[in-house]
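Text of query_5.tsv (TSV, C-alpha atoms and all ligand atoms) as supplied:
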chain	number	residue	atom	x	y	z
A	1	MET	CA	-4.77	-14.09	-0.11
A	2	ILE	CA	-7.91	-12.02	0.44
A	3	ILE	CA	-8.27	-8.65	-1.29
A	4	TYR	CA	-10.84	-6.17	0.00
A	5	ARG	CA	-11.81	-3.31	-2.28
A	6	ALA	CA	-12.31	-0.06	-0.38
A	7	LYS	CA	-13.94	3.02	-1.88
A	8	ASN	CA	-11.30	5.45	-0.69
A	9	TYR	CA	-8.69	6.05	2.02
A	10	GLN	CA	-11.30	6.45	4.75
A	11	ASP	CA	-13.07	3.25	3.81
A	12	MET	CA	-9.72	1.42	3.63
A	13	SER	CA	-8.86	2.69	7.11
A	14	ARG	CA	-12.18	1.54	8.55
A	15	LYS	CA	-11.90	-1.92	7.00
A	16	ALA	CA	-8.31	-2.31	8.24
A	17	ALA	CA	-9.27	-1.14	11.73
A	18	ASN	CA	-12.05	-3.72	11.73
A	19	ILE	CA	-9.57	-6.51	11.09
A	20	ILE	CA	-7.23	-5.25	13.82
A	21	SER	CA	-10.14	-4.90	16.27
A	22	ALA	CA	-11.23	-8.46	15.55
A	23	GLN	CA	-7.72	-9.63	16.37
A	24	ILE	CA	-7.74	-7.74	19.69
A	25	ILE	CA	-11.20	-9.01	20.61
A	26	MET	CA	-10.34	-12.62	19.76
A	27	LYS	CA	-7.00	-12.47	21.57
A	28	PRO	CA	-6.81	-9.56	24.04
A	29	ASP	CA	-3.11	-10.24	24.75
A	30	CYS	CA	-2.16	-10.36	21.08
A	31	VAL	CA	1.08	-9.06	19.61
A	32	LEU	CA	0.43	-6.50	16.89
A	33	GLY	CA	3.14	-5.67	14.38
A	34	LEU	CA	2.63	-1.99	13.58
A	35	ALA	CA	3.70	0.30	10.78
A	36	THR	CA	4.30	3.99	10.16
A	37	GLY	CA	3.86	6.21	7.10
A	38	SER	CA	0.75	7.96	5.84
A	39	SER	CA	-1.11	4.73	5.02
A	40	PRO	CA	-1.90	3.64	8.63
A	41	VAL	CA	-2.76	7.07	10.09
A	42	GLY	CA	-6.48	6.72	9.29
A	43	THR	CA	-6.53	3.17	10.63
A	44	TYR	CA	-5.06	4.37	13.93
A	45	GLN	CA	-7.60	7.21	14.09
A	46	GLN	CA	-10.41	4.72	13.65
A	47	LEU	CA	-9.01	2.45	16.36
A	48	ILE	CA	-8.75	5.45	18.73
A	49	GLU	CA	-12.36	6.37	17.99
A	50	TRP	CA	-13.59	2.87	18.82
A	51	TYR	CA	-11.42	2.79	21.95
A	52	LYS	CA	-12.95	6.08	23.12
A	53	LYS	CA	-16.42	4.65	22.59
A	54	GLY	CA	-15.46	1.79	24.90
A	55	ASP	CA	-15.44	-0.86	22.17
A	56	LEU	CA	-11.74	-1.72	22.35
A	57	ASP	CA	-9.30	-2.50	25.13
A	58	PHE	CA	-5.56	-2.29	24.49
A	59	SER	CA	-4.51	-2.98	28.08
A	60	HIS	CA	-3.14	-6.46	27.33
A	61	VAL	CA	-1.90	-5.76	23.80
A	62	THR	CA	1.80	-5.78	22.91
A	63	SER	CA	3.03	-3.92	19.84
A	64	ILE	CA	6.21	-4.38	17.87
A	65	ASN	CA	6.95	-1.81	15.18
A	66	LEU	CA	8.62	-2.55	11.89
A	67	ASP	CA	11.36	0.01	11.76
A	68	GLU	CA	13.11	3.14	13.02
A	69	TYR	CA	15.58	5.64	11.62
A	70	LYS	CA	19.09	5.09	12.92
A	71	GLY	CA	20.12	8.14	14.92
A	72	LEU	CA	16.65	9.43	15.83
A	73	GLY	CA	15.34	9.18	19.40
A	74	PRO	CA	11.81	9.25	20.82
A	75	ASP	CA	11.87	13.05	21.27
A	76	ASN	CA	12.67	13.71	17.64
A	77	CYS	CA	9.35	14.41	15.94
A	78	GLN	CA	10.53	12.57	12.81
A	79	SER	CA	11.27	9.36	14.66
A	80	TYR	CA	8.90	6.46	14.25
A	81	ARG	CA	8.65	6.13	18.05
A	82	TYR	CA	7.36	9.70	18.18
A	83	PHE	CA	4.97	8.93	15.30
A	84	MET	CA	3.55	5.92	17.13
A	85	ASN	CA	3.16	7.80	20.40
A	86	THR	CA	1.33	10.71	18.82
A	87	ASN	CA	-0.73	8.75	16.29
A	88	LEU	CA	-1.83	5.89	18.53
A	89	PHE	CA	-0.21	5.03	21.85
A	90	ASP	CA	-0.90	8.36	23.61
A	91	HIS	CA	-4.62	8.00	22.87
A	92	VAL	CA	-5.40	4.43	23.94
A	93	ASN	CA	-4.85	2.38	27.09
A	94	ILE	CA	-1.88	0.41	25.80
A	95	ASP	CA	0.91	-0.09	28.35
A	96	LYS	CA	3.80	1.91	26.82
A	97	ASN	CA	6.25	-0.60	28.31
A	98	ARG	CA	4.67	-3.17	26.05
A	99	THR	CA	5.22	-1.10	22.88
A	100	PHE	CA	8.44	-1.80	21.03
A	101	VAL	CA	10.23	0.17	18.31
A	102	PRO	CA	13.87	-0.44	17.33
A	103	ASN	CA	16.19	1.76	19.39
A	104	GLY	CA	17.27	4.47	16.94
A	105	LEU	CA	19.69	5.89	19.49
A	106	GLU	CA	21.70	2.66	19.71
A	107	MET	CA	24.52	3.37	17.27
A	108	ASP	CA	25.89	-0.16	17.50
A	109	SER	CA	23.80	-1.61	14.68
A	110	GLU	CA	24.50	-5.19	15.55
A	111	LYS	CA	23.37	-4.69	19.13
A	112	ALA	CA	20.26	-2.71	18.16
A	113	CYS	CA	19.18	-5.44	15.76
A	114	SER	CA	19.97	-8.45	17.91
A	115	ASP	CA	18.18	-6.81	20.88
A	116	TYR	CA	15.12	-6.36	18.68
A	117	ASN	CA	15.19	-9.93	17.38
A	118	GLN	CA	15.29	-11.08	20.99
A	119	ILE	CA	12.25	-8.98	21.84
A	120	ILE	CA	10.26	-10.47	18.94
A	121	ALA	CA	11.23	-14.01	20.01
A	122	ARG	CA	10.54	-13.32	23.71
A	123	GLU	CA	7.03	-12.00	22.90
A	124	GLY	CA	6.27	-15.21	21.03
A	125	GLY	CA	6.19	-13.70	17.54
A	126	ILE	CA	3.66	-11.47	15.87
A	127	ASP	CA	-0.02	-12.37	15.60
A	128	LEU	CA	-1.02	-9.70	13.09
A	129	GLN	CA	1.45	-7.60	11.12
A	130	LEU	CA	0.19	-4.38	9.56
A	131	LEU	CA	2.12	-3.23	6.49
A	132	GLY	CA	2.15	-0.23	4.19
A	133	LEU	CA	3.80	-0.46	0.80
A	134	GLY	CA	6.62	1.70	-0.52
A	135	HIS	CA	6.45	2.89	-4.13
A	136	ASN	CA	9.35	0.60	-5.03
A	137	GLY	CA	7.70	-2.38	-3.34
A	138	HIS	CA	9.51	-2.03	-0.04
A	139	ILE	CA	7.95	-3.25	3.20
A	140	GLY	CA	9.22	-1.91	6.49
A	141	PHE	CA	12.50	-0.57	5.18
A	142	ASN	CA	13.37	-3.68	3.21
A	143	GLU	CA	14.47	-2.00	0.03
A	144	PRO	CA	14.77	-3.72	-3.37
A	145	GLY	CA	17.56	-6.27	-3.21
A	146	ALA	CA	17.00	-7.09	0.47
A	147	ALA	CA	17.73	-10.73	1.17
A	148	PHE	CA	14.56	-12.64	2.02
A	149	GLU	CA	16.22	-14.53	4.88
A	150	LYS	CA	17.08	-11.53	7.06
A	151	GLU	CA	15.70	-10.69	10.48
A	152	THR	CA	16.14	-7.20	11.96
A	153	HIS	CA	19.05	-5.43	10.30
A	154	CYS	CA	20.48	-2.02	9.47
A	155	ILE	CA	19.91	-0.79	5.93
A	156	ASP	CA	20.97	2.09	3.72
A	157	LEU	CA	17.87	3.89	2.47
A	158	THR	CA	17.53	4.17	-1.30
A	159	GLU	CA	17.37	7.52	-3.06
A	160	SER	CA	13.70	6.92	-3.91
A	161	THR	CA	12.78	6.35	-0.25
A	162	ILE	CA	14.79	9.37	0.90
A	163	GLU	CA	13.00	11.37	-1.79
A	164	ALA	CA	9.56	10.04	-0.74
A	165	ASN	CA	10.21	10.69	2.94
A	166	LYS	CA	11.81	14.13	2.65
A	167	ARG	CA	8.34	15.73	2.80
A	168	PHE	CA	8.40	15.03	6.56
A	169	PHE	CA	11.78	16.73	7.12
A	170	ALA	CA	12.97	20.35	6.85
A	171	SER	CA	15.28	19.39	3.99
A	172	GLU	CA	16.57	16.33	2.16
A	173	GLU	CA	19.87	16.54	4.10
A	174	ASP	CA	17.93	16.00	7.33
A	175	VAL	CA	16.51	12.63	6.20
A	176	PRO	CA	18.57	9.90	7.90
A	177	LYS	CA	20.42	7.69	5.44
A	178	GLN	CA	20.11	4.49	7.46
A	179	ALA	CA	17.41	2.66	9.37
A	180	TYR	CA	16.85	-0.44	11.45
A	181	THR	CA	14.13	-2.63	10.05
A	182	MET	CA	12.57	-5.97	10.74
A	183	GLY	CA	13.68	-8.21	7.88
A	184	ILE	CA	11.56	-10.10	5.39
A	185	LYS	CA	12.01	-13.26	7.42
A	186	SER	CA	10.67	-11.56	10.58
A	187	ILE	CA	7.69	-10.20	8.62
A	188	MET	CA	6.96	-13.55	6.97
A	189	GLN	CA	6.94	-15.25	10.38
A	190	ALA	CA	3.93	-13.18	11.46
A	191	ARG	CA	0.89	-15.41	11.75
A	192	LYS	CA	-1.30	-12.98	9.78
A	193	ILE	CA	-0.40	-10.07	7.56
A	194	LEU	CA	-2.59	-7.08	6.71
A	195	VAL	CA	-1.46	-4.76	3.92
A	196	ILE	CA	-3.11	-1.39	3.36
A	197	ILE	CA	-2.64	0.42	0.07
A	198	SER	CA	-4.14	3.68	-1.06
A	199	GLY	CA	-3.83	5.93	-4.08
A	200	GLU	CA	-3.14	5.73	-7.77
A	201	SER	CA	0.59	6.16	-7.27
A	202	LYS	CA	0.68	2.63	-5.78
A	203	ALA	CA	-1.43	1.00	-8.53
A	204	ASP	CA	1.51	-0.22	-10.66
A	205	ILE	CA	3.46	-1.64	-7.75
A	206	LEU	CA	0.36	-3.35	-6.32
A	207	LYS	CA	-0.23	-5.14	-9.63
A	208	GLU	CA	3.44	-6.13	-9.69
A	209	ILE	CA	3.47	-7.60	-6.18
A	210	LEU	CA	0.30	-9.57	-6.79
A	211	TYR	CA	0.96	-10.94	-10.28
A	212	GLY	CA	4.66	-10.42	-10.95
A	213	PRO	CA	7.53	-12.76	-10.13
A	214	ILE	CA	8.60	-13.31	-6.53
A	215	THR	CA	11.90	-11.50	-6.41
A	216	PRO	CA	14.06	-9.57	-3.92
A	217	ALA	CA	13.93	-6.73	-6.49
A	218	ILE	CA	10.35	-6.21	-5.28
A	219	PRO	CA	10.42	-7.16	-1.59
A	220	ALA	CA	6.62	-7.23	-1.13
A	221	SER	CA	6.32	-9.90	-3.87
A	222	ILE	CA	7.30	-12.46	-1.19
A	223	LEU	CA	3.86	-11.96	0.37
A	224	GLN	CA	2.49	-14.25	-2.36
A	225	LEU	CA	4.05	-17.09	-0.37
A	226	HIS	CA	2.48	-16.26	3.00
A	227	ASN	CA	-0.59	-18.32	3.82
A	228	ASP	CA	-2.62	-15.62	5.60
A	229	VAL	CA	-2.41	-12.26	3.85
A	230	THR	CA	-5.25	-9.75	3.66
A	231	ILE	CA	-4.92	-6.75	1.40
A	232	VAL	CA	-7.19	-3.76	1.84
A	233	ALA	CA	-6.74	-1.38	-1.08
A	234	ASP	CA	-8.79	1.52	-2.32
A	235	GLU	CA	-10.16	1.79	-5.83
A	236	ALA	CA	-7.37	4.07	-6.98
A	237	ALA	CA	-4.71	1.57	-5.88
A	238	LEU	CA	-6.65	-1.27	-7.53
A	239	SER	CA	-7.16	0.66	-10.77
A	240	LYS	CA	-4.46	-1.21	-12.73
A	241	LEU	CA	-5.64	-4.73	-11.88
B	1	LIG	C1	8.19	4.19	4.86
B	1	LIG	C2	7.99	3.12	5.93
B	1	LIG	C3	7.18	1.96	5.41
B	1	LIG	C4	5.92	2.49	4.73
B	1	LIG	C5	6.32	3.31	3.53
B	1	LIG	C6	5.14	3.83	2.74
B	1	LIG	O1	9.27	3.95	4.05
B	1	LIG	N1	9.22	2.62	6.44
B	1	LIG	O2	6.85	1.10	6.48
B	1	LIG	O3	5.11	1.43	4.34
B	1	LIG	O4	7.06	4.42	4.02
B	1	LIG	O5	4.68	4.99	3.30
B	1	LIG	P1	3.30	5.68	2.98
B	1	LIG	O6	2.28	4.89	3.69
B	1	LIG	O7	3.45	7.06	3.54
B	1	LIG	O8	3.14	5.66	1.50
Would you mind giving the structure from this file in structure tokens?
Ligand code: GLP
Amino acid sequence: MIIYRAKNYQDMSRKAANIISAQIIMKPDCVLGLATGSSPVGTYQQLIEWYKKGDLDFSHVTSINLDEYKGLGPDNCQSYRYFMNTNLFDHVNIDKNRTFVPNGLEMDSEKACSDYNQIIAREGGIDLQLLGLGHNGHIGFNEPGAAFEKETHCIDLTESTIEANKRFFASEEDVPKQAYTMGIKSIMQARKILVIISGESKADILKEILYGPITPAIPASILQLHNDVTIVADEAALSKL
């Protein structure tokens, strides 16, 4: 595991974007596993900036996102598909047909998840998976207690995640209670993993995932067992190490 210390959010975003750019340059037709949340926004902005300067080409890149709220479609501004379009895809030359997010409008959970597993397999797996970290140690939407052996599945969001995510919705009642997420197994099968962590509120959980026991109670602790993980964290997030 490599840990890069960034000065602040902006520095973290630039360092993370550097790693993603290197992946695209080394393998122009790579498969990127992408994430949502506030952590990757700056990374995407940096990638867009470099694309606009002519330094990056997304035309052969495929992307596979981690998760989506069950019940929300691409037009809903709270959906992760909408987030990805507005924060990255609309601003670079990626072929939208090669960008994948679980289908939130498919109400048959089994079908939504098995379709997504098939997409991941068909694309040959993920070269570089970008991850944020939830305050309870969740990755994607794999909440504490999630079985390590799962691929894409439907989960019930925990109260703490609903609470953390309600800032994006008009009210807590509007936050969906379920989501489709790539499982821990799908994430661990990525060839490389890049985790970005910012802010003092993540300092305790970062220490826990790095030095604590590997347990489903803290899903991100499993990353200790992956052989190619890079963490880019800012000083505030690293303050408890
Ligand atoms: C959500 C997403 C996760 C993300 C987490 C942390 O729950 N499903 O993929 O990592 O939020 O979000 P943030 O980066 O806003 O702290």
Give the padded box for ligand LIG 1 (chain B) as JSON: axis-aligned, covering all atoms listed in the file, 4 Å on each side, centre and edge lengths in Å to one decimal.
{"center_x": 5.8, "center_y": 4.1, "center_z": 4.0, "size_x": 15.0, "size_y": 14.0, "size_z": 13.0}
Residues within 10 Å of stretch 133-147 of chain A, only C-alpha atoms, excluding chain neighbours under 6 positions, as a PyMOL selection string: chain A and resi 34-37+39+65-69+153-158+160-161+164+178-185+187+195-198+201-206+208-209+215-221
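Note that the spacing between atom CA of A:Ser171 and atom C4 of ligand LIG 1 (chain B) amounts to 19.3 Å.
With distances taken over all atoms listed in the file, A:Gly132 is the one residue among A:Gly71, A:Gly132, A:Pro28, A:Pro40 lying closest to A:Ile193.
The smallest atom-to-atom distance between A:Asp95 and any of A:Ser59, A:Cys113, A:Thr152, A:Glu159, using all atoms listed in the file, is found for A:Ser59.
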I need the residue nearest A:Lys52 from this list: A:Ala233, A:Met1, A:Val92, A:Val101. Use all atoms listed in the file for the distance. A:Val92
To one decimal place in Å, what is the distance between atom CA of A:Asp127 and atom CA of A:Asn76? 29.1 Å
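The gap separating atom CA of A:Lys27 from atom O3 of ligand LIG 1 (chain B) is 25.2 Å, in Å to one decimal.
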From A:Ala17, A:Ile94, A:Ala6, A:Ala112, residue lying nearest A:Val232 [only C-alpha atoms]: A:Ala6
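Proximity of A:Glu173, A:Asp57, A:Asp228, A:Glu163 to ligand LIG 1 (chain B), computed with all atoms listed in the file, is greatest for A:Glu163.
Closest approach to ligand LIG 1 (chain B) among A:Ser38, A:Glu235, A:Ala16, A:Gly212: A:Ser38, based on all atoms listed in the file.
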Please write as a PyMOL selection string the list of polymer residues whose atoms come within 7 Å of (-9.2, 4.2, 11.4), counting all atoms listed in the file and keeping to the coordinates of the file. chain A and resi 13-14+17+42-47
